[in-house]
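Text of coords-v2.txt, listed as compact mmCIF, C-alpha atoms and all ligand atoms:
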# COMPACT_ATOMS: atom_id res chain seq x y z
CA MET R 148 2.88 -21.38 17.02
CA VAL R 149 3.07 -22.45 13.34
CA HIS R 150 3.99 -26.06 12.61
CA ILE R 151 4.33 -27.08 8.99
CA GLU R 152 5.19 -30.69 8.37
CA LYS R 153 5.82 -32.52 5.10
CA LEU R 154 3.75 -29.97 3.25
CA LYS R 155 2.99 -30.80 -0.37
CA PHE R 156 1.27 -28.35 -2.62
CA GLY R 157 0.98 -27.47 -6.29
CA TYR R 158 -1.59 -25.42 -8.18
CA THR R 159 -1.71 -28.24 -10.73
CA LYS R 160 -1.21 -31.94 -10.08
CA LYS R 161 1.80 -32.05 -12.40
CA GLN R 162 3.69 -29.14 -10.88
CA ALA R 163 4.69 -29.40 -7.22
CA LEU R 164 5.41 -26.02 -5.68
CA PHE R 165 6.24 -27.44 -2.24
CA ARG R 166 7.68 -30.89 -1.64
CA ASP R 167 7.87 -32.10 1.96
CA LEU R 168 8.32 -28.59 3.30
CA ASP R 169 8.91 -28.34 7.04
CA LEU R 170 8.85 -25.10 9.00
CA GLU R 171 8.38 -24.10 12.61
CA LEU R 172 7.64 -20.53 13.69
CA GLN R 173 7.62 -19.24 17.25
CA PRO R 174 6.03 -16.17 18.86
CA GLY R 175 8.22 -13.18 19.68
CA ASN R 176 9.84 -13.15 16.23
CA ILE R 177 9.59 -11.14 13.04
CA TYR R 178 10.46 -13.65 10.35
CA GLY R 179 11.71 -12.40 7.00
CA LEU R 180 10.58 -14.76 4.24
CA LEU R 181 12.77 -14.29 1.18
CA GLY R 182 12.67 -16.05 -2.17
CA LYS R 183 12.92 -15.48 -5.90
CA ASN R 184 9.86 -14.51 -7.92
CA GLY R 185 7.56 -17.50 -8.09
CA ALA R 186 9.32 -19.36 -5.23
CA GLY R 187 6.00 -19.65 -3.42
CA LYS R 188 6.18 -17.01 -0.66
CA THR R 189 2.63 -15.73 -1.23
CA THR R 190 1.31 -19.27 -1.54
CA LEU R 191 2.98 -20.29 1.71
CA LEU R 192 1.43 -17.31 3.51
CA LYS R 193 -1.97 -18.24 2.05
CA ILE R 194 -1.60 -21.84 3.24
CA ILE R 195 -0.67 -20.64 6.74
CA ALA R 196 -3.71 -18.33 6.71
CA GLY R 197 -6.01 -21.17 5.63
CA LEU R 198 -6.81 -19.58 2.28
CA VAL R 199 -5.19 -22.33 0.20
CA PHE R 200 -5.21 -25.98 1.27
CA PRO R 201 -2.24 -28.37 1.26
CA GLN R 202 -2.45 -31.51 -0.90
CA SER R 203 -0.83 -33.45 1.91
CA GLY R 204 1.08 -32.81 5.09
CA ASN R 205 0.11 -30.48 7.91
CA CYS R 206 -0.08 -26.79 8.54
CA ARG R 207 -1.12 -26.10 12.13
CA VAL R 208 -1.47 -22.82 13.97
CA ASN R 209 -1.64 -23.23 17.72
CA GLY R 210 -2.28 -26.92 17.23
CA MET R 211 -5.16 -26.58 14.76
CA GLU R 212 -5.12 -27.22 11.01
CA THR R 213 -5.69 -23.92 9.23
CA ARG R 214 -7.40 -25.71 6.33
CA ASP R 215 -10.31 -26.47 8.73
CA ARG R 216 -10.87 -22.69 8.93
CA LYS R 217 -12.12 -22.83 12.50
CA PRO R 218 -13.18 -19.40 13.83
CA GLU R 219 -10.97 -19.84 16.92
CA VAL R 220 -7.93 -20.07 14.62
CA LEU R 221 -8.96 -17.44 12.07
CA GLN R 222 -9.77 -14.82 14.72
CA ASP R 223 -6.10 -14.87 15.68
CA ILE R 224 -4.59 -14.60 12.17
CA TYR R 225 -4.40 -11.51 10.01
CA ILE R 226 -2.95 -11.49 6.52
CA ILE R 227 -2.09 -8.35 4.58
CA PRO R 228 -1.89 -9.54 0.99
CA GLU R 229 0.14 -7.87 -1.73
CA GLU R 230 -2.96 -7.41 -3.84
CA TYR R 231 -6.20 -6.49 -2.13
CA TYR R 232 -9.60 -4.96 -2.60
CA LEU R 233 -11.02 -2.40 -0.18
CA PRO R 234 -14.76 -1.69 -0.28
CA PRO R 235 -16.27 1.79 -0.91
CA VAL R 236 -16.98 2.48 2.76
CA LYS R 237 -15.61 4.96 5.27
CA ILE R 238 -12.66 3.87 7.42
CA ALA R 239 -14.84 4.18 10.57
CA ASN R 240 -17.49 1.86 9.05
CA PHE R 241 -14.94 -0.70 7.96
CA ILE R 242 -13.56 -0.80 11.49
CA SER R 243 -16.94 -1.15 13.16
CA ILE R 244 -17.93 -4.01 10.81
CA ASN R 245 -14.66 -5.93 10.78
CA ALA R 246 -13.10 -5.38 14.22
CA THR R 247 -15.66 -7.74 15.78
CA PHE R 248 -14.07 -10.72 14.00
CA TYR R 249 -10.85 -10.24 15.99
CA TYR R 250 -11.25 -10.90 19.71
CA ARG R 251 -8.06 -8.97 20.60
CA PHE R 252 -8.89 -5.91 18.49
CA ASP R 253 -7.45 -2.79 20.12
CA HIS R 254 -9.43 0.38 19.22
CA GLU R 255 -6.95 2.65 20.98
CA LYS R 256 -4.13 1.21 18.93
CA MET R 257 -6.22 1.66 15.78
CA ASP R 258 -6.74 5.35 16.58
CA TRP R 259 -3.04 5.80 17.31
CA LEU R 260 -2.04 4.11 14.04
CA LEU R 261 -4.53 6.12 11.98
CA LYS R 262 -3.03 9.25 13.47
CA GLU R 263 0.51 8.05 12.81
CA PHE R 264 -0.36 7.32 9.18
CA GLN R 265 -2.38 10.54 8.85
CA LEU R 266 -5.56 8.76 7.86
CA ASP R 267 -8.95 10.30 8.52
CA LYS R 268 -11.70 8.00 9.80
CA ASN R 269 -14.18 9.75 7.51
CA SER R 270 -12.22 8.98 4.34
CA LYS R 271 -13.65 6.43 1.98
CA LEU R 272 -11.37 3.44 1.54
CA ASN R 273 -11.76 3.20 -2.24
CA GLN R 274 -10.76 6.86 -2.58
CA LEU R 275 -7.40 6.47 -0.87
CA SER R 276 -4.15 6.35 -2.84
CA PHE R 277 -2.34 3.02 -3.20
CA GLY R 278 0.11 3.85 -0.38
CA GLN R 279 -2.68 5.15 1.89
CA LYS R 280 -4.66 1.94 1.34
CA LYS R 281 -1.57 -0.03 2.29
CA LYS R 282 -1.13 2.07 5.44
CA PHE R 283 -4.78 1.52 6.37
CA LEU R 284 -4.40 -2.25 6.03
CA LEU R 285 -1.20 -2.18 8.08
CA ALA R 286 -2.95 -0.15 10.77
CA PHE R 287 -5.97 -2.47 10.82
CA GLY R 288 -3.79 -5.58 10.81
CA LEU R 289 -1.67 -4.35 13.72
CA ALA R 290 -4.76 -3.22 15.65
CA THR R 291 -6.28 -6.72 15.41
CA SER R 292 -3.38 -7.70 17.75
CA SER R 293 -3.63 -11.15 16.13
CA ARG R 294 -1.05 -13.51 17.49
CA LEU R 295 -0.14 -14.44 13.92
CA LEU R 296 0.39 -11.62 11.44
CA LEU R 297 1.29 -12.32 7.83
CA MET R 298 2.44 -9.51 5.56
CA ASP R 299 3.15 -9.87 1.85
CA GLU R 300 5.46 -7.11 0.59
CA PRO R 301 4.23 -4.62 3.24
CA THR R 302 6.55 -1.77 2.24
CA ASN R 303 5.63 -1.96 -1.43
CA GLY R 304 3.92 1.34 -2.28
CA LEU R 305 5.08 3.20 0.84
CA ASP R 306 7.01 6.44 0.32
CA ILE R 307 10.49 6.87 1.84
CA PRO R 308 9.44 8.42 5.20
CA SER R 309 6.63 5.88 5.54
CA LYS R 310 9.09 3.00 5.30
CA SER R 311 10.92 4.11 8.43
CA GLN R 312 7.58 4.89 10.04
CA PHE R 313 6.50 1.33 9.21
CA ARG R 314 9.57 -0.08 11.01
CA ARG R 315 8.87 2.16 13.98
CA VAL R 316 5.20 1.25 14.39
CA ILE R 317 5.93 -2.46 13.98
CA ALA R 318 8.60 -2.32 16.66
CA ALA R 319 6.31 -0.30 18.94
CA SER R 320 3.13 -2.31 18.53
CA LEU R 321 4.17 -5.97 18.61
CA ASN R 322 4.14 -8.06 21.77
CA GLU R 323 6.17 -11.11 22.72
CA ASP R 324 3.15 -13.38 22.20
CA GLN R 325 2.86 -12.37 18.54
CA CYS R 326 4.56 -13.80 15.49
CA LEU R 327 5.01 -11.74 12.35
CA ILE R 328 6.01 -13.16 8.99
CA ILE R 329 7.03 -10.66 6.35
CA SER R 330 7.52 -11.80 2.79
CA THR R 331 9.62 -9.28 0.93
CA HIS R 332 12.03 -8.42 -1.84
CA GLN R 333 12.65 -5.02 -0.24
CA VAL R 334 15.30 -6.34 2.11
CA ARG R 335 16.96 -2.96 2.57
CA ASP R 336 13.66 -1.56 3.92
CA LEU R 337 13.43 -4.25 6.55
CA GLU R 338 17.02 -5.19 7.30
CA SER R 339 16.88 -3.82 10.84
CA LEU R 340 13.54 -5.48 11.60
CA ILE R 341 13.62 -9.06 10.45
CA ASP R 342 15.00 -11.87 12.56
CA PRO R 343 15.21 -14.80 11.76
CA VAL R 344 15.81 -14.93 8.02
CA ILE R 345 14.09 -17.69 6.05
CA ILE R 346 14.85 -18.41 2.39
CA ILE R 347 12.58 -20.53 0.24
CA ASP R 348 13.71 -22.03 -3.06
CA ASN R 349 12.76 -25.01 -5.23
CA GLY R 350 9.89 -26.01 -2.99
CA GLN R 351 11.96 -26.16 0.20
CA ILE R 352 13.16 -23.96 3.03
CA ILE R 353 16.86 -23.75 2.17
CA PHE R 354 17.95 -21.36 4.94
CA ASN R 355 16.54 -20.54 8.36
CA GLN R 356 18.82 -18.73 10.81
CA SER R 357 18.58 -16.03 13.44
CA VAL R 358 20.42 -12.75 12.93
CA GLU R 359 22.66 -13.59 15.89
CA SER R 360 23.64 -16.90 14.37
CA ILE R 361 24.30 -15.26 10.97
CA SER R 362 26.56 -12.63 12.57
CA THR R 363 28.41 -15.25 14.58
CA HIS R 364 29.08 -17.52 11.63
CA LEU R 365 29.51 -15.16 8.70
CA LEU R 366 31.52 -12.05 7.83
CA PHE R 367 30.26 -9.56 5.25
CA GLU R 368 33.18 -7.58 3.89
CA THR R 369 34.61 -5.82 0.90
CA ARG R 370 38.20 -6.78 0.17
CA LYS R 371 40.42 -5.24 -2.47
CA GLU R 372 41.96 -8.56 -3.36
CA LEU R 373 41.06 -12.09 -2.46
CA LYS R 374 43.99 -14.01 -1.01
CA GLU R 375 44.26 -17.72 -1.60
CA ASN R 376 43.78 -18.64 2.06
CA GLU R 377 40.65 -16.51 2.50
CA GLN R 378 38.34 -17.62 -0.24
CA PRO R 379 34.79 -16.27 0.15
CA LEU R 380 31.73 -18.46 0.49
CA TYR R 381 30.19 -16.13 -2.05
CA ALA R 382 31.38 -12.85 -3.58
CA GLU R 383 30.28 -10.19 -6.00
CA GLU R 384 32.62 -7.82 -7.79
CA THR R 385 32.06 -4.28 -6.66
CA PHE R 386 33.72 -0.93 -7.25
CA GLY R 387 36.08 -1.28 -4.28
CA GLY R 388 37.04 -4.89 -5.00
CA HIS R 389 35.06 -7.96 -3.97
CA THR R 390 32.17 -7.80 -1.56
CA GLY R 391 31.77 -11.20 -0.09
CA ILE R 392 30.55 -13.56 2.57
CA PHE R 393 33.39 -15.18 4.48
CA PRO R 394 33.56 -17.69 7.35
CA ASN R 395 33.95 -15.97 10.71
CA PRO R 396 36.32 -18.06 12.84
CA GLY R 397 37.32 -15.09 15.01
CA ASN R 398 33.70 -14.16 15.89
CA ARG R 399 34.06 -10.65 14.50
CA GLU R 400 30.85 -8.71 14.03
CA THR R 401 30.01 -7.16 10.66
CA LYS R 402 26.78 -5.71 9.33
CA ILE R 403 24.68 -8.37 7.63
CA ASP R 404 24.06 -7.64 3.97
CA LEU R 405 20.78 -9.46 3.35
CA GLU R 406 20.93 -9.08 -0.42
CA LEU R 407 24.38 -10.64 -0.50
CA LEU R 408 23.28 -13.36 1.90
CA PHE R 409 20.26 -14.15 -0.26
CA ASN R 410 22.36 -14.32 -3.44
CA GLY R 411 24.95 -16.43 -1.64
CA VAL R 412 22.41 -18.91 -0.31
CA VAL R 413 20.52 -19.36 -3.58
CA SER R 414 23.75 -19.76 -5.54
CA ASN R 415 25.16 -22.42 -3.20
CA GLU R 416 23.01 -23.25 -0.21
CA THR R 417 25.19 -26.18 0.90
CA ARG R 418 28.36 -24.11 1.13
CA ILE R 419 26.72 -21.49 3.36
CA ASN R 420 24.66 -23.93 5.45
CA ASN R 421 27.73 -26.10 6.16
CA ILE R 422 29.29 -23.22 8.06
CA PHE R 423 26.36 -23.26 10.50
CA GLU R 424 26.83 -26.96 11.19
CA LYS R 425 30.45 -26.63 12.31
P1 LIG F 1 6.68 -13.13 -6.18
O1 LIG F 1 7.98 -12.88 -5.48
O2 LIG F 1 6.80 -12.92 -7.65
O3 LIG F 1 5.53 -12.40 -5.56
P2 LIG F 1 6.01 -15.64 -4.84
O4 LIG F 1 7.23 -16.25 -4.26
O5 LIG F 1 5.12 -14.92 -3.90
O6 LIG F 1 6.39 -14.71 -6.07
P3 LIG F 1 3.68 -17.18 -5.57
O7 LIG F 1 2.83 -16.00 -5.88
O8 LIG F 1 3.38 -17.96 -4.34
O9 LIG F 1 5.24 -16.81 -5.57
O10 LIG F 1 3.60 -18.15 -6.81
C1 LIG F 1 4.31 -19.39 -6.84
C2 LIG F 1 4.01 -20.11 -8.15
O11 LIG F 1 2.63 -20.49 -8.18
C3 LIG F 1 4.25 -19.26 -9.39
O12 LIG F 1 4.84 -20.09 -10.37
C4 LIG F 1 2.86 -18.83 -9.83
O13 LIG F 1 2.78 -18.72 -11.21
C5 LIG F 1 1.99 -19.97 -9.34
N1 LIG F 1 0.65 -19.51 -8.94
C6 LIG F 1 0.39 -18.56 -8.01
N2 LIG F 1 -0.95 -18.40 -7.86
C7 LIG F 1 -1.53 -19.26 -8.73
C8 LIG F 1 -2.88 -19.57 -9.03
N3 LIG F 1 -3.91 -18.97 -8.42
N4 LIG F 1 -3.10 -20.53 -9.98
C9 LIG F 1 -2.07 -21.17 -10.58
N5 LIG F 1 -0.77 -20.92 -10.32
C10 LIG F 1 -0.50 -19.98 -9.41
In structure tokens, how does this file's structure come out?
Amino acid sequence: MVHIEKLKFGYTKKQALFRDLDLELQPGNIYGLLGKNGAGKTTLLKIIAGLVFPQSGNCRVNGMETRDRKPEVLQDIYIIPEEYYLPPVKIANFISINATFYYRFDHEKMDWLLKEFQLDKNSKLNQLSFGQKKKFLLAFGLATSSRLLLMDEPTNGLDIPSKSQFRRVIAASLNEDQCLIISTHQVRDLESLIDPVIIIDNGQIIFNQSVESISTHLLFETRKELKENEQPLYAEETFGGHTGIFPNPGNRETKIDLELLFNGVVSNETRINNIFEK
């Protein structure tokens, strides 16, 4: 669905944010895009959405360059940015004006999501709280039923019950022909949702693996002491000893710790990636 090839981009000519970045995204997945502050997650989402143009290379959605901003491509992409402006109109008016741009817009789903998020169609968008605005955008984005959904820090601003509600509505409203990319630092909020995991660093995709492949290849464990013959790929000292990422020759299954994985990959991407090549 999304094909990015040899993408080069920088906000200034001197500073390259992406150098020959390649990435392929398929429908039926909820990709988790992780990266340090300033790694370029938001910029990558904007390039995919056709809001920022590559300096060279390609970014195609369903075979068409997003930089061309063709209506047939844009009507199938919805981006929920981290920072947004909502106009001073009622929810019902916003829907009737904007739904027409999305050929798969599902009004029944919109009504269901508004109810789920306890939003009243007669409320004015600019008078909603930060979290309510976020919920409205999530509801609208999901109701567009766009085949490509891009979300930048979607759980930022949601209260604790709303975060689990978010996971529930995402799981309930996505179809196999849709592709969702979530950029986030809130990995604990989304641990059970995202698969595959993509990590971006220094202008490149440095990790891209499915949850199944991560569980098959890696063990996430806390060990009191580290023996010489079981050195971790990455470890952090914790209260109970060392919590680490270890190779998994016996195919045991442990719960993936995304924060640990992220820290492990950015501290030594080669060491972790080599395990997947064996
Ligand atoms: P964060 O996790 O902090 O949200 P990010 O991974 O989403 O970061 P981006 O927002 O894509 O990163 O920014 C990547 C780099 O591009 C940063 O160094 C940022 O300063 C720079 N940048 C972003 N937007 C602009 C802009 N409009 N003009 C110039 N530089 C920009």
query: In Å to one decimal, how far is CA of Glu416 in chain R from CA of Glu384 in chain R?
result: 19.7 Å
Would you tabulate, counting all atoms listed in the file, all residues of range 277-314 of chain R that have an atom at most 12 Å from an atom of range 168-188 of chain R, showing the closest pair of atoms and their distance in Å to one decimal, sorted by chain then ascending number, as a Markdown table?
| residue | atom | partner | partner_atom | distance |
| --- | --- | --- | --- | --- |
| R:Ser293 | CA | R:Pro174 | CA | 11.2 |
| R:Arg294 | CA | R:Pro174 | CA | 7.7 |
| R:Leu295 | CA | R:Pro174 | CA | 8.1 |
| R:Leu296 | CA | R:Ile177 | CA | 9.4 |
| R:Leu297 | CA | R:Tyr178 | CA | 9.6 |
| R:Met298 | CA | R:Leu180 | CA | 9.8 |
| R:Asp299 | CA | R:Lys188 | CA | 8.2 |
| R:Glu300 | CA | R:Leu180 | CA | 9.9 |
| R:Pro301 | CA | R:Gly179 | CA | 11.4 |
| R:Arg314 | CA | R:Ile177 | CA | 11.2 |
Padding 3 Å on every side, please: axis-aligned box over the listed atoms of ligand LIG 1 (chain F), centre and edge lengths to one decimal in Å, as lines of an AutoDock Vina configuration file.
center_x = 2.0
center_y = -16.8
center_z = -7.6
size_x = 17.9
size_y = 14.8
size_z = 13.3
message: Between R:Ile317, R:Ile238, R:Leu191, R:Ile353, which residue has the minimum interatomic distance to ligand LIG 1 (chain F), considering only C-alpha atoms and all ligand atoms?
response: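 Of all the options, R:Leu191 lies closest to ligand LIG 1 (chain F).
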- prompt: Which neighbours of Thr385 in chain R fall inside 12 Å, counting all atoms listed in the file, when residues of the same chain fewer than 3 positions from it are skipped, and could you give them as number ranges by chain?
  reply: R: 368-372, 382, 388-391, 407
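Atom pair CA of Gly197 in chain R / CA of Ser320 in chain R: separated by 24.6 Å.
From CA of Ala286 in chain R back to CA of Leu261 in chain R, the distance works out to 6.6 Å.
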message: Give me the residues near Ile195 in chain R as a ChimeraX atom specification, where near means some atom within 12 Å (using only C-alpha atoms) and where sequence neighbours in that chain fewer than 4 positions away do not count.
response: /R:148-152,154,170-172,188-191,199-201,205-209,211-216,220-221,223-226,295-298,327-328
message: Tell me which residues come within 10 Å of (-13.8, 1.9, 2.6), as a PyMOL selection string, counting all atoms listed in the file in the file's coordinates.
response: chain R and resi 232-242+268-275+280+283
Please determine the residues with any atom at most 12 Å from (-10.2, 2.6, 19.5) (coordinates as given in the file, with all atoms listed in the file counting) and report them as a tab-separated table (two decimals) with C-alpha atoms, keeping the file's coordinate frame.
chain	number	residue	atom	x	y	z
R	239	ALA	CA	-14.84	4.18	10.57
R	242	ILE	CA	-13.56	-0.80	11.49
R	243	SER	CA	-16.94	-1.15	13.16
R	246	ALA	CA	-13.10	-5.38	14.22
R	251	ARG	CA	-8.06	-8.97	20.60
R	252	PHE	CA	-8.89	-5.91	18.49
R	253	ASP	CA	-7.45	-2.79	20.12
R	254	HIS	CA	-9.43	0.38	19.22
R	255	GLU	CA	-6.95	2.65	20.98
R	256	LYS	CA	-4.13	1.21	18.93
R	257	MET	CA	-6.22	1.66	15.78
R	258	ASP	CA	-6.74	5.35	16.58
R	259	TRP	CA	-3.04	5.80	17.31
R	260	LEU	CA	-2.04	4.11	14.04
R	261	LEU	CA	-4.53	6.12	11.98
R	262	LYS	CA	-3.03	9.25	13.47
R	268	LYS	CA	-11.70	8.00	9.80
R	286	ALA	CA	-2.95	-0.15	10.77
R	287	PHE	CA	-5.97	-2.47	10.82
R	290	ALA	CA	-4.76	-3.22	15.65
R	291	THR	CA	-6.28	-6.72	15.41
Taking the partial coordinates given, rebuild range 163-185 of chain R to contain N, CA, C and O atoms; return it as a compact mmCIF listing (two decimals), keeping the file's coordinate frame.
# COMPACT_ATOMS: atom_id res chain seq x y z
N ALA R 163 4.65 -29.53 -8.68
CA ALA R 163 4.69 -29.40 -7.22
C ALA R 163 5.42 -28.12 -6.85
O ALA R 163 6.58 -27.94 -7.22
N LEU R 164 4.75 -27.25 -6.13
CA LEU R 164 5.41 -26.02 -5.68
C LEU R 164 6.19 -26.30 -4.39
O LEU R 164 7.32 -25.87 -4.23
N PHE R 165 5.56 -27.04 -3.48
CA PHE R 165 6.24 -27.44 -2.24
C PHE R 165 6.31 -28.95 -2.16
O PHE R 165 5.31 -29.63 -2.41
N ARG R 166 7.51 -29.44 -1.80
CA ARG R 166 7.68 -30.89 -1.64
C ARG R 166 8.21 -31.14 -0.23
O ARG R 166 9.31 -30.70 0.10
N ASP R 167 7.42 -31.76 0.60
CA ASP R 167 7.87 -32.10 1.96
C ASP R 167 8.48 -30.92 2.70
O ASP R 167 9.56 -31.01 3.29
N LEU R 168 7.80 -29.80 2.65
CA LEU R 168 8.32 -28.59 3.30
C LEU R 168 8.03 -28.62 4.79
O LEU R 168 6.89 -28.89 5.20
N ASP R 169 9.06 -28.40 5.58
CA ASP R 169 8.91 -28.34 7.04
C ASP R 169 9.30 -26.94 7.52
O ASP R 169 10.28 -26.38 7.04
N LEU R 170 8.52 -26.43 8.46
CA LEU R 170 8.85 -25.10 9.00
C LEU R 170 8.17 -24.93 10.35
O LEU R 170 7.02 -25.34 10.53
N GLU R 171 8.89 -24.34 11.26
CA GLU R 171 8.38 -24.10 12.61
C GLU R 171 8.58 -22.63 12.95
O GLU R 171 9.69 -22.11 12.79
N LEU R 172 7.52 -21.95 13.37
CA LEU R 172 7.64 -20.53 13.69
C LEU R 172 7.16 -20.28 15.11
O LEU R 172 6.12 -20.81 15.52
N GLN R 173 7.93 -19.48 15.83
CA GLN R 173 7.62 -19.24 17.25
C GLN R 173 7.22 -17.79 17.50
O GLN R 173 7.66 -16.89 16.77
N PRO R 174 6.39 -17.56 18.53
CA PRO R 174 6.03 -16.17 18.86
C PRO R 174 7.25 -15.37 19.31
O PRO R 174 8.28 -15.94 19.69
N GLY R 175 7.12 -14.04 19.25
CA GLY R 175 8.22 -13.18 19.68
C GLY R 175 9.23 -12.92 18.58
O GLY R 175 10.30 -12.38 18.84
N ASN R 176 8.90 -13.33 17.35
CA ASN R 176 9.84 -13.15 16.23
C ASN R 176 9.19 -12.43 15.06
O ASN R 176 7.98 -12.53 14.85
N ILE R 177 10.04 -11.72 14.31
CA ILE R 177 9.59 -11.14 13.04
C ILE R 177 10.39 -11.85 11.95
O ILE R 177 11.57 -11.56 11.72
N TYR R 178 9.76 -12.85 11.36
CA TYR R 178 10.46 -13.65 10.35
C TYR R 178 10.48 -12.92 9.02
O TYR R 178 9.46 -12.37 8.58
N GLY R 179 11.62 -12.93 8.36
CA GLY R 179 11.71 -12.40 7.00
C GLY R 179 11.71 -13.58 6.05
O GLY R 179 12.59 -14.43 6.11
N LEU R 180 10.68 -13.65 5.20
CA LEU R 180 10.58 -14.76 4.24
C LEU R 180 11.04 -14.25 2.88
O LEU R 180 10.39 -13.40 2.28
N LEU R 181 12.19 -14.76 2.44
CA LEU R 181 12.77 -14.29 1.18
C LEU R 181 12.75 -15.42 0.16
O LEU R 181 12.84 -16.60 0.52
N GLY R 182 12.65 -15.05 -1.09
CA GLY R 182 12.67 -16.05 -2.17
C GLY R 182 12.56 -15.36 -3.50
O GLY R 182 12.06 -14.24 -3.58
N LYS R 183 12.99 -16.06 -4.55
CA LYS R 183 12.92 -15.48 -5.90
C LYS R 183 11.46 -15.32 -6.31
O LYS R 183 10.57 -15.92 -5.68
N ASN R 184 11.22 -14.61 -7.38
CA ASN R 184 9.86 -14.51 -7.92
C ASN R 184 9.36 -15.93 -8.22
O ASN R 184 10.08 -16.73 -8.83
N GLY R 185 8.16 -16.20 -7.78
CA GLY R 185 7.56 -17.50 -8.09
C GLY R 185 8.01 -18.62 -7.16
O GLY R 185 7.62 -19.78 -7.34
